[in-house]
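S.K.: Below you'll find the structure I mean.
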Amino acid sequence: MSFSIIGKPLPKVDAVARVTGQAIYADDMLPPRTLHCRILRSPHPHARILSIDTSAARRIPGVVAVITGADLPIKFGILPVTQDERALEHEKVRYVGDPIAAVAATDEEIAASACDAIAVEYEVLDPVMSIDAALATPKDERIQDYGGPNNIHKLVALEFGDVEGGFARADHVREDVFFFQGNTHLPMEQHSAIATYVDGKVTLWSSTQVVHYVHRALAKVLELPMNRIRVVGAAHGGGFGGKTDPFAHEIVVAKLAMMTGRPVKCTLTREEVFYAHRGRHPVLMWVRTGVTKDGRITAMHFKSALDGGAYGSYGVASTFYTGALQTVTYDIPAYRFEGCRVFTNKPPCGPKRGHGTPQPRFAIELHLEKIAHDLGLDPVDMKRRNFVKPMTRTVNWMRVTSCGLEECTARVMDASGFRTRKRRPGRGMGFAISSYLSGAGTAIYWNDMPHSEVQIKVDRGGVTAFCGAMDIGQGSDSVLAAIVAEELGLQPKDIRLVTADTDTTPIDLGSYSSRVTFMAGNAALEAARKMRALLVEAAAAKMGRPADSVRVGGGRFGDFSFEEASVLAEARFGTLTSAGSYTPPKIAGPYKGSGVGPSPAYSYSACVVDLDADQRTGLLHINKVWIAHDVGRAINPLLVEGQVEGSVYMGLGEALMEEQTFRKGLHKWPSMLEYKSPTFLDMPEIETFLVETNDPEGPYGAKEAGQGPLLPVIPAVSAAVFDALGVWIDEVPVTPEKIVEALRRQGKGEPPRYGPSRFPDIPYPKCIRVEPPPKELDLAAPAAI
């Protein structure tokens, strides 16, 4: 099939506005009479609030309104099962930075001074600052009043197939413990929101990734019908998952606008963003795997313990994700997963690029490397021997459609010269693979409605596409424009886009889990094909020919220009509108918890990292990264390469330097000067390969590209360190200090590794035993039983 737009490396449709400064971000907005909001936050990680006195703040000239938790008592949260947050807390604070009160004033300095004037009396409680502490009997009280024993939020225990039998058949069994430190998103744009209240209706502009979920939260907390609330996604300066939750400042400015009748704006400081967080969970992992002599996996048992911080956020889903996707890369015939998420007095963790999957990918890839070394096998060959195959089901009921793992691996192996490299001390190469979702198969709020909807309007003014998805810099607007343009024989620049506005666009579940290209893309494709059919029919009737003879392309429909064809169609049919929607197939397995992990399609990546490691200092220099990504089909290869290379950048940051760590509840480095992430000078050369497998379910065969390529980079770095120096760093980030310590232990004859030594005793429930599905996948048959 030939395309005129799809597969072409075209610039983003919003590129000019972005690079010339014309894009309007939330913090750019300043309507007349705008009030500025600042939020008073807790200085304690754990404390009861005994009293809040706002009288002094209210007396300050320029202060227009002051609110506390008593004004917003209704709890909210992103998941139905964890509605545990308040916009302003008035009973107990659970982390440094928990919001307590908010001020609206005529300028930001007055609002900040008024916050300082608010007197809060606390009863300070002992903080819980680690997984071990959370699992121990608390000295004072639990952080939250729900969940399991102690400070356990969620426990999961699932078993697929005969795990004990699988271990009994193994020739070799190994177990390892790994730790992945938490880190944060570090978007260039801070969180910002501005609200108005006019004619009984709240309008909120926000730098959110998901207008739909903010809309729901506002309706609940403000106790307003949803038709009296409008949420608009402003131009977005980066999210990476950190702007997916509804946030306190969004609710606060809406409430203050209702109280004052004036626009109210709040932009978080960079330090506040570090505490608002919702980033990568710190995860402790234990994995045990049995293999045959030739390296075939017979069984795997995986345990995870997640430090979730003070609130639920997406934590239940994150817990399942740490165990769900191991089977989507490797063919594991019997698998047991036990997961635990605990509450601690730290900022709540949630979804960051890859959402619950980089941590177990780090553990699994290194664990299999070690097994290969135990058996004297080549790690790459052993991994390839266990790759999943296309059109199969996994033991835990995941559905694999297209799979380009073999080709991805071959591309990076050949390009890097991995097999033929000359070995020398201090120079190492590491290899790893990964997979990721093309959107979650189950909605956060369980229902049978479409996950994405697109409407198209055509008239003499051109084509307008309406979609609720938010472009957060990944180029989803360009993808939608390309799909509509392809079907209508136009150029992407000819398509006007209206997106992320709850008043004017149909529902879309938002920009997360790499879902927009796949799901909104399928919806756009359906809407565009319906519109194309109307235009073709009108042109064919005028030409006196059958519809299938009308050639579409180059801005023409047969003998007519697009504008002429639209006039003919409008005269024939009236107002020209069409709609498309996408609902994923029902692919969850027959067990509780099966809604987390299934996806209509999985992308695949393979990565090789080449580095130099200094044995004396432990300093690393990344020389080059080769990465191949199975994208199904690249709608726009230029944008796909940008997403892949952005993933490599973020993966290197997490592998080498980024960590969200605390001292007595205080963030150790809450600024972009001290929280280290790679700069341009740190970035190596990246060679990117796009592997196209043409997935049967994606729009034009496309799959995700925004998150999967991050995952293999981190274990590939650690594997390269072992290749260079002979020591294992089983903990992220891989810092010079850890490398030097591992070398010191190696010199003393101790195990040559740095990492956790034990996994805690966790009261997991008895495993739910689930029988595996049939191995072969038939897309025409029901996906779940």
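Ordering of the structure tokens sets the chain letters (A, B, ...); residue numbers start at 1 within each chain; ligands are numbered from 1 in the order shown.
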Give me, as number ranges by chain, all polymer residues having an atom no more than 6 Å from Gly7 of chain A, counting only C-alpha atoms and skipping those fewer than 5 positions away in the same chain.

M.R.: A: 634-636

S.K.: Give me the residues within 8 Å of Lys624 of chain A as a ChimeraX atom specification, counting only C-alpha atoms and dropping any in the same chain fewer than 6 places off.

M.R.: /A:609-611,684-687

S.K.: Write out the residues from the selection above, keeping C-alpha atoms, as a compact mmCIF listing (two decimals), in the first residue's frame.

M.R.:
# COMPACT_ATOMS: atom_id res chain seq x y z
CA VAL A 609 25.38 0.55 25.11
CA ASP A 610 29.13 1.08 24.65
CA LEU A 611 31.00 2.74 27.52
CA PRO A 684 26.49 10.17 23.41
CA GLU A 685 25.91 9.46 19.75
CA ILE A 686 22.69 7.52 19.23
CA GLU A 687 22.05 5.30 16.23

S.K.: Determine, counting only C-alpha atoms, which protein, DNA and RNA residues have an atom within 12 Å of an atom of Arg58 of chain A; residues of the same chain fewer than 5 positions away are not included. Present the result as a list in words.

M.R.: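 What passes the distance filter is Asp53, Val63, Val64, Ala65, Val66, Ile67, Ala102, Val103, Ala104, Ala105, Ile110, Ala111, Ser113, Ala114, Cys115, Asp116, Ala117, Ile118 and Ala119 of chain A.
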
S.K.: Kindly save the residues from that selection, with N, CA, C and O atoms included, as a tab-separated table (two decimals), in the first residue's frame.

M.R.:
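Listing of part_2.tsv after writing:
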chain	number	residue	atom	x	y	z
A	53	ASP	N	-4.99	28.94	61.99
A	53	ASP	CA	-5.46	30.31	62.22
A	53	ASP	C	-5.07	31.17	61.03
A	53	ASP	O	-3.89	31.45	60.80
A	63	VAL	N	-4.87	40.81	50.10
A	63	VAL	CA	-5.39	39.45	50.21
A	63	VAL	C	-6.90	39.49	49.97
A	63	VAL	O	-7.62	40.25	50.64
A	64	VAL	N	-7.36	38.70	49.03
A	64	VAL	CA	-8.78	38.71	48.67
A	64	VAL	C	-9.51	37.50	49.25
A	64	VAL	O	-10.68	37.60	49.64
A	65	ALA	N	-8.82	36.36	49.35
A	65	ALA	CA	-9.47	35.16	49.89
A	65	ALA	C	-8.42	34.23	50.46
A	65	ALA	O	-7.29	34.15	49.96
A	66	VAL	N	-8.81	33.52	51.52
A	66	VAL	CA	-7.99	32.48	52.14
A	66	VAL	C	-8.88	31.27	52.35
A	66	VAL	O	-10.00	31.40	52.87
A	67	ILE	N	-8.43	30.10	51.94
A	67	ILE	CA	-9.20	28.88	52.16
A	67	ILE	C	-8.34	27.81	52.84
A	67	ILE	O	-7.10	27.82	52.73
A	102	ALA	N	-4.58	27.94	51.18
A	102	ALA	CA	-4.27	28.67	49.95
A	102	ALA	C	-4.77	30.10	50.07
A	102	ALA	O	-5.79	30.38	50.69
A	103	VAL	N	-4.03	31.00	49.44
A	103	VAL	CA	-4.33	32.43	49.47
A	103	VAL	C	-4.46	32.95	48.05
A	103	VAL	O	-3.64	32.60	47.18
A	104	ALA	N	-5.46	33.78	47.80
A	104	ALA	CA	-5.56	34.52	46.55
A	104	ALA	C	-5.36	35.99	46.86
A	104	ALA	O	-6.05	36.55	47.72
A	105	ALA	N	-4.40	36.60	46.17
A	105	ALA	CA	-4.07	38.00	46.44
A	105	ALA	C	-3.78	38.71	45.13
A	105	ALA	O	-3.66	38.08	44.07
A	110	ILE	N	2.40	39.15	47.78
A	110	ILE	CA	1.44	39.30	48.88
A	110	ILE	C	0.88	37.94	49.26
A	110	ILE	O	0.75	37.62	50.45
A	111	ALA	N	0.55	37.11	48.27
A	111	ALA	CA	0.03	35.78	48.56
A	111	ALA	C	1.04	34.95	49.35
A	111	ALA	O	0.68	34.25	50.31
A	113	SER	N	3.45	36.13	51.34
A	113	SER	CA	3.53	36.69	52.69
A	113	SER	C	2.33	36.25	53.54
A	113	SER	O	2.47	35.97	54.73
A	114	ALA	N	1.16	36.20	52.92
A	114	ALA	CA	-0.02	35.77	53.65
A	114	ALA	C	0.09	34.31	54.07
A	114	ALA	O	-0.34	33.93	55.17
A	115	CYS	N	0.66	33.48	53.21
A	115	CYS	CA	0.88	32.08	53.60
A	115	CYS	C	1.78	32.01	54.83
A	115	CYS	O	1.54	31.22	55.75
A	116	ASP	N	2.82	32.85	54.85
A	116	ASP	CA	3.72	32.86	56.00
A	116	ASP	C	3.00	33.30	57.26
A	116	ASP	O	3.41	32.93	58.38
A	117	ALA	N	1.92	34.08	57.13
A	117	ALA	CA	1.21	34.61	58.30
A	117	ALA	C	0.18	33.62	58.85
A	117	ALA	O	-0.38	33.85	59.92
A	118	ILE	N	-0.07	32.54	58.13
A	118	ILE	CA	-1.03	31.54	58.62
A	118	ILE	C	-0.36	30.71	59.71
A	118	ILE	O	0.74	30.16	59.51
A	119	ALA	N	-1.02	30.61	60.86
A	119	ALA	CA	-0.46	29.87	62.00
A	119	ALA	C	-1.09	28.49	62.07
A	119	ALA	O	-2.32	28.37	62.18

S.K.: Quick one: everything within 12 Å of Arg460 of chain A, counting only C-alpha atoms, minus sequence neighbours fewer than 2 positions away in the same chain. Send it as a VMD selection string.

M.R.: chain A and resid 457 to 458 462 to 464 561 to 571 575 to 576

S.K.: Those residues with C-alpha atoms, as an mmCIF file, in the first residue's frame please?

M.R.:
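What ended up in result_14.cif:
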data_model
loop_
_atom_site.group_PDB
_atom_site.id
_atom_site.type_symbol
_atom_site.label_atom_id
_atom_site.label_comp_id
_atom_site.auth_asym_id
_atom_site.auth_seq_id
_atom_site.Cartn_x
_atom_site.Cartn_y
_atom_site.Cartn_z
ATOM 1 C CA LYS A 457 -16.021 18.888 10.253
ATOM 2 C CA VAL A 458 -15.579 19.881 6.616
ATOM 3 C CA GLY A 462 -11.362 23.503 5.288
ATOM 4 C CA VAL A 463 -11.084 20.541 7.642
ATOM 5 C CA THR A 464 -11.238 20.640 11.425
ATOM 6 C CA SER A 561 -10.389 20.382 -5.980
ATOM 7 C CA PHE A 562 -10.972 19.539 -2.340
ATOM 8 C CA GLU A 563 -12.918 22.774 -1.861
ATOM 9 C CA GLU A 564 -15.122 22.031 -4.879
ATOM 10 C CA ALA A 565 -15.734 18.496 -3.649
ATOM 11 C CA SER A 566 -16.699 19.788 -0.195
ATOM 12 C CA VAL A 567 -19.215 22.195 -1.775
ATOM 13 C CA LEU A 568 -20.724 19.350 -3.788
ATOM 14 C CA ALA A 569 -20.927 17.128 -0.704
ATOM 15 C CA GLU A 570 -22.465 19.830 1.464
ATOM 16 C CA ALA A 571 -25.071 20.517 -1.217
ATOM 17 C CA THR A 575 -23.587 19.779 7.138
ATOM 18 C CA LEU A 576 -20.476 17.632 6.693
#

S.K.: Could you produce a table of the residues of segment 95-197 of chain A lying within 7 Å of segment 249-260 of chain A, with the nearest pair of atoms per residue and their separation in Å rounded to one decimal, using only C-alpha atoms, ordered by chain and increasing residue number, as a tab-separated table?

M.R.:
residue	atom	partner	partner_atom	distance
A:Ala104	CA	A:Leu256	CA	6.9
A:Ala193	CA	A:Glu250	CA	5.8
A:Ile194	CA	A:Val253	CA	6.5
A:Ala195	CA	A:Ala254	CA	5.2
A:Thr196	CA	A:Ala257	CA	5.4
A:Tyr197	CA	A:Met258	CA	5.4

S.K.: How would the residues just picked look written out with C-alpha atoms as an mmCIF file, in the first residue's frame?

M.R.:
data_model
loop_
_atom_site.group_PDB
_atom_site.id
_atom_site.type_symbol
_atom_site.label_atom_id
_atom_site.label_comp_id
_atom_site.auth_asym_id
_atom_site.auth_seq_id
_atom_site.Cartn_x
_atom_site.Cartn_y
_atom_site.Cartn_z
ATOM 1 C CA ALA A 104 -5.565 34.519 46.547
ATOM 2 C CA ALA A 193 -3.386 26.405 36.186
ATOM 3 C CA ILE A 194 -5.727 29.371 35.894
ATOM 4 C CA ALA A 195 -9.475 29.356 36.545
ATOM 5 C CA THR A 196 -12.402 31.688 35.951
ATOM 6 C CA TYR A 197 -15.986 31.620 37.205
#

S.K.: Within 12 Å of Ala248 of chain A, counting only C-alpha atoms, which residues qualify if same-chain residues fewer than 4 places away don't, as a ChimeraX atom specification?

M.R.: /A:37-41,68-69,72,74-77,85-89,97-102,191-193,206,214,217-218,221,243,252-255,266-268,272-273,276

S.K.: From a DSSP pass on the backbone, collect the residues of segment 639-743 of chain A flagged as strand (DSSP E or B) and hand them back as a list in words.

M.R.: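 Taking segment 639-743 of chain A and keeping strand (DSSP E or B) gives Phe662, Arg663, Leu666, His667, Glu685, Ile686, Glu687, Thr688, Phe689, Leu690, Val691, Trp728, Ile729, Glu731 and Val732 of chain A.
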
S.K.: Restricting it to N, CA, C and O atoms, dump the selection as a PDB file, in the first residue's frame.

M.R.:
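part.pdb, freshly written:
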ATOM      1  N   PHE A 662      15.567  11.537  50.173  1.00  0.00           N
ATOM      2  CA  PHE A 662      15.081  12.413  51.230  1.00  0.00           C
ATOM      3  C   PHE A 662      15.897  12.235  52.507  1.00  0.00           C
ATOM      4  O   PHE A 662      16.448  11.168  52.782  1.00  0.00           O
ATOM      5  N   ARG A 663      15.941  13.311  53.282  1.00  0.00           N
ATOM      6  CA  ARG A 663      16.557  13.279  54.605  1.00  0.00           C
ATOM      7  C   ARG A 663      15.530  13.806  55.602  1.00  0.00           C
ATOM      8  O   ARG A 663      15.174  14.980  55.581  1.00  0.00           O
ATOM      9  N   LEU A 666      12.737  15.730  54.041  1.00  0.00           N
ATOM     10  CA  LEU A 666      13.110  16.829  53.156  1.00  0.00           C
ATOM     11  C   LEU A 666      13.849  16.295  51.939  1.00  0.00           C
ATOM     12  O   LEU A 666      14.749  15.451  52.069  1.00  0.00           O
ATOM     13  N   HIS A 667      13.461  16.787  50.773  1.00  0.00           N
ATOM     14  CA  HIS A 667      14.146  16.397  49.545  1.00  0.00           C
ATOM     15  C   HIS A 667      15.587  16.896  49.617  1.00  0.00           C
ATOM     16  O   HIS A 667      15.848  18.043  50.004  1.00  0.00           O
ATOM     17  N   GLU A 685      26.526   9.687  21.056  1.00  0.00           N
ATOM     18  CA  GLU A 685      25.911   9.464  19.751  1.00  0.00           C
ATOM     19  C   GLU A 685      24.879   8.348  19.880  1.00  0.00           C
ATOM     20  O   GLU A 685      25.107   7.354  20.577  1.00  0.00           O
ATOM     21  N   ILE A 686      23.743   8.538  19.222  1.00  0.00           N
ATOM     22  CA  ILE A 686      22.686   7.523  19.232  1.00  0.00           C
ATOM     23  C   ILE A 686      22.397   7.113  17.793  1.00  0.00           C
ATOM     24  O   ILE A 686      22.182   7.962  16.933  1.00  0.00           O
ATOM     25  N   GLU A 687      22.427   5.817  17.548  1.00  0.00           N
ATOM     26  CA  GLU A 687      22.045   5.304  16.234  1.00  0.00           C
ATOM     27  C   GLU A 687      20.721   4.564  16.384  1.00  0.00           C
ATOM     28  O   GLU A 687      20.632   3.588  17.136  1.00  0.00           O
ATOM     29  N   THR A 688      19.697   5.058  15.698  1.00  0.00           N
ATOM     30  CA  THR A 688      18.334   4.572  15.880  1.00  0.00           C
ATOM     31  C   THR A 688      17.871   3.789  14.661  1.00  0.00           C
ATOM     32  O   THR A 688      18.079   4.220  13.518  1.00  0.00           O
ATOM     33  N   PHE A 689      17.212   2.658  14.909  1.00  0.00           N
ATOM     34  CA  PHE A 689      16.648   1.834  13.847  1.00  0.00           C
ATOM     35  C   PHE A 689      15.157   1.659  14.108  1.00  0.00           C
ATOM     36  O   PHE A 689      14.765   1.268  15.221  1.00  0.00           O
ATOM     37  N   LEU A 690      14.345   1.953  13.133  1.00  0.00           N
ATOM     38  CA  LEU A 690      12.909   1.748  13.240  1.00  0.00           C
ATOM     39  C   LEU A 690      12.551   0.453  12.528  1.00  0.00           C
ATOM     40  O   LEU A 690      12.816   0.292  11.335  1.00  0.00           O
ATOM     41  N   VAL A 691      11.981  -0.465  13.285  1.00  0.00           N
ATOM     42  CA  VAL A 691      11.579  -1.767  12.755  1.00  0.00           C
ATOM     43  C   VAL A 691      10.066  -1.747  12.573  1.00  0.00           C
ATOM     44  O   VAL A 691       9.324  -1.457  13.515  1.00  0.00           O
ATOM     45  N   TRP A 728      29.043  -6.322  39.270  1.00  0.00           N
ATOM     46  CA  TRP A 728      27.618  -6.093  39.051  1.00  0.00           C
ATOM     47  C   TRP A 728      27.142  -4.930  39.920  1.00  0.00           C
ATOM     48  O   TRP A 728      27.376  -4.933  41.130  1.00  0.00           O
ATOM     49  N   ILE A 729      26.474  -3.974  39.322  1.00  0.00           N
ATOM     50  CA  ILE A 729      25.814  -2.920  40.081  1.00  0.00           C
ATOM     51  C   ILE A 729      24.320  -3.205  39.982  1.00  0.00           C
ATOM     52  O   ILE A 729      23.685  -2.919  38.966  1.00  0.00           O
ATOM     53  N   GLU A 731      21.820  -1.942  41.478  1.00  0.00           N
ATOM     54  CA  GLU A 731      21.047  -0.849  42.041  1.00  0.00           C
ATOM     55  C   GLU A 731      21.156   0.362  41.115  1.00  0.00           C
ATOM     56  O   GLU A 731      22.231   0.674  40.599  1.00  0.00           O
ATOM     57  N   VAL A 732      20.033   1.015  40.894  1.00  0.00           N
ATOM     58  CA  VAL A 732      19.989   2.229  40.075  1.00  0.00           C
ATOM     59  C   VAL A 732      19.820   3.429  41.000  1.00  0.00           C
ATOM     60  O   VAL A 732      19.014   3.375  41.930  1.00  0.00           O
TER      61      VAL A 732
END

S.K.: Taking only C-alpha atoms into account, which of A:Arg551, A:Arg393, A:His281, A:Arg529 comes nearest Tyr321 of chain A?

M.R.: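 Closest residue, counting only C-alpha atoms: A:His281.
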
S.K.: Neighbouring residues of Thr357 of chain A were defined as those with any atom within 10 Å, considering only C-alpha atoms; residues of the same chain fewer than 4 positions away were excluded. Please report them as a PyMOL selection string.

M.R.: chain A and resi 280+318-326+352-353+361-362+434-436+707-708+710-711
